[in-house]
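Asks: Pasting a structure here, questions to come.
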Amino acid sequence: MKIKDRTEFSKINAFGEGLPNDAYAQYFVGQSFLNPLTAADCPLFLANVTFEPGCRNNWHIHHAQNGGGQILICTAGEGWYQEWDKAPVSLTPDKVITIPAGVKHWHGAKADSWFAHIALEIPGEETSNEWLEPVDDGDYQKLEG
């Protein structure tokens, strides 16, 4: 369900909006919010990421020598996920996206809806994130659904 109103969205964003994601703002178009769900010393990082309408992260790759990658568990609102050279996938609260290490991709809110997902970083050996170029505004604006 698309939700434009922040107050209404906060009622269904079960894991909470958290704080502005300022540490990674340079890798996002629009405002995102981060609410860590695990302690800093936990070996499995889990966080609720909330995107205002139109917000999306840059293309990026989760690298790993072994294991690694990311899982997105969509919890509220509507968003998009896209792998390089593939069609975009509409994200709704019934979707789980598994992103293997080494796959160039982006994810974020639809232009007309708040969106939240839980991001789970898959443990691996020699993991790192490579942040790349922003999603092309023209390509993003053409997305429908």
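By order in the structure tokens, chains are A, B, ...; within a chain, residues start at 1; ligands start at 1, following the order shown.
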Residues of region 65-90 of chain A that approach region 54-60 of chain A to 10 Å or less, counting only C-alpha atoms: could you list each one with the shortest pair of atoms and its distance in Å to one decimal, rows by chain and increasing residue number, as a tab-separated table?

Replies:
```
residue	atom	partner	partner_atom	distance
A:Gly79	CA	A:Arg56	CA	8.8
A:Trp80	CA	A:Arg56	CA	8.5
A:Tyr81	CA	A:Arg56	CA	9.4
A:Gln82	CA	A:Trp59	CA	9.0
A:Glu83	CA	A:Trp59	CA	8.7
A:Trp84	CA	A:Trp59	CA	8.4
```

Asks: Could you give me, as a Markdown table, every region 17-48 of chain A residue with an atom at most 8 Å from region 116-131 of chain A, plus its closest atom pair and distance in Å to one decimal, counting only C-alpha atoms, rows ordered by chain then number?

Replies:
```
| residue | atom | partner | partner_atom | distance |
| --- | --- | --- | --- | --- |
| A:Tyr27 | CA | A:Trp131 | CA | 6.9 |
| A:Pro43 | CA | A:Pro123 | CA | 7.6 |
| A:Leu44 | CA | A:Glu121 | CA | 6.7 |
| A:Phe45 | CA | A:Glu121 | CA | 5.6 |
| A:Leu46 | CA | A:Leu120 | CA | 4.7 |
| A:Ala47 | CA | A:Ala119 | CA | 5.4 |
| A:Asn48 | CA | A:Ile118 | CA | 4.3 |
```

Asks: Between A:Val135, A:Val89, A:Val103, A:Ile12, single out the one closest to His63 (chain A), counting only C-alpha atoms.

Replies: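 Residue with the minimum atom-to-atom distance to His63 (chain A): A:Val103.
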
Asks: Using only C-alpha atoms, find the one residue out of A:Gln141, A:Thr98, A:Ser90, A:Asn13 that sits nearest to Gln70 (chain A).

Replies: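 Smallest separation from Gln70 (chain A) among the options: A:Thr98.
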
Asks: Leaving out Gln31 (chain A) and any residue of its chain fewer than 4 positions from it, which residues lie within 12 Å of it when counting only C-alpha atoms, given as a VMD selection string?

Replies: chain A and resid 17 19 to 27 49 to 57 108 to 109 114 to 115

Asks: Give the alpha helix (DSSP H) residues of chain A, as DSSP finds them on the backbone, and put them as a ChimeraX atom specification.

Replies: /A:6-12,137-141

Asks: Using C-alpha atoms, can you write the selected residues to a file as a PDB file, in the first residue's frame?

Replies:
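Printed below is selection-v7.pdb as written:
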```pdb
ATOM      1  CA  ARG A   6       4.528  10.551   7.177  1.00  0.00           C
ATOM      2  CA  THR A   7       2.263  10.417  10.233  1.00  0.00           C
ATOM      3  CA  GLU A   8       0.151   7.632   8.744  1.00  0.00           C
ATOM      4  CA  PHE A   9       3.288   5.772   7.662  1.00  0.00           C
ATOM      5  CA  SER A  10       4.794   5.957  11.151  1.00  0.00           C
ATOM      6  CA  LYS A  11       1.752   4.064  12.469  1.00  0.00           C
ATOM      7  CA  ILE A  12       2.588   1.007  10.332  1.00  0.00           C
ATOM      8  CA  ASP A 137      16.877  10.625 -12.335  1.00  0.00           C
ATOM      9  CA  GLY A 138      15.286  10.100 -15.752  1.00  0.00           C
ATOM     10  CA  ASP A 139      15.312   6.310 -15.380  1.00  0.00           C
ATOM     11  CA  TYR A 140      13.872   6.560 -11.858  1.00  0.00           C
ATOM     12  CA  GLN A 141      11.071   8.908 -12.937  1.00  0.00           C
TER      13      GLN A 141
END
```
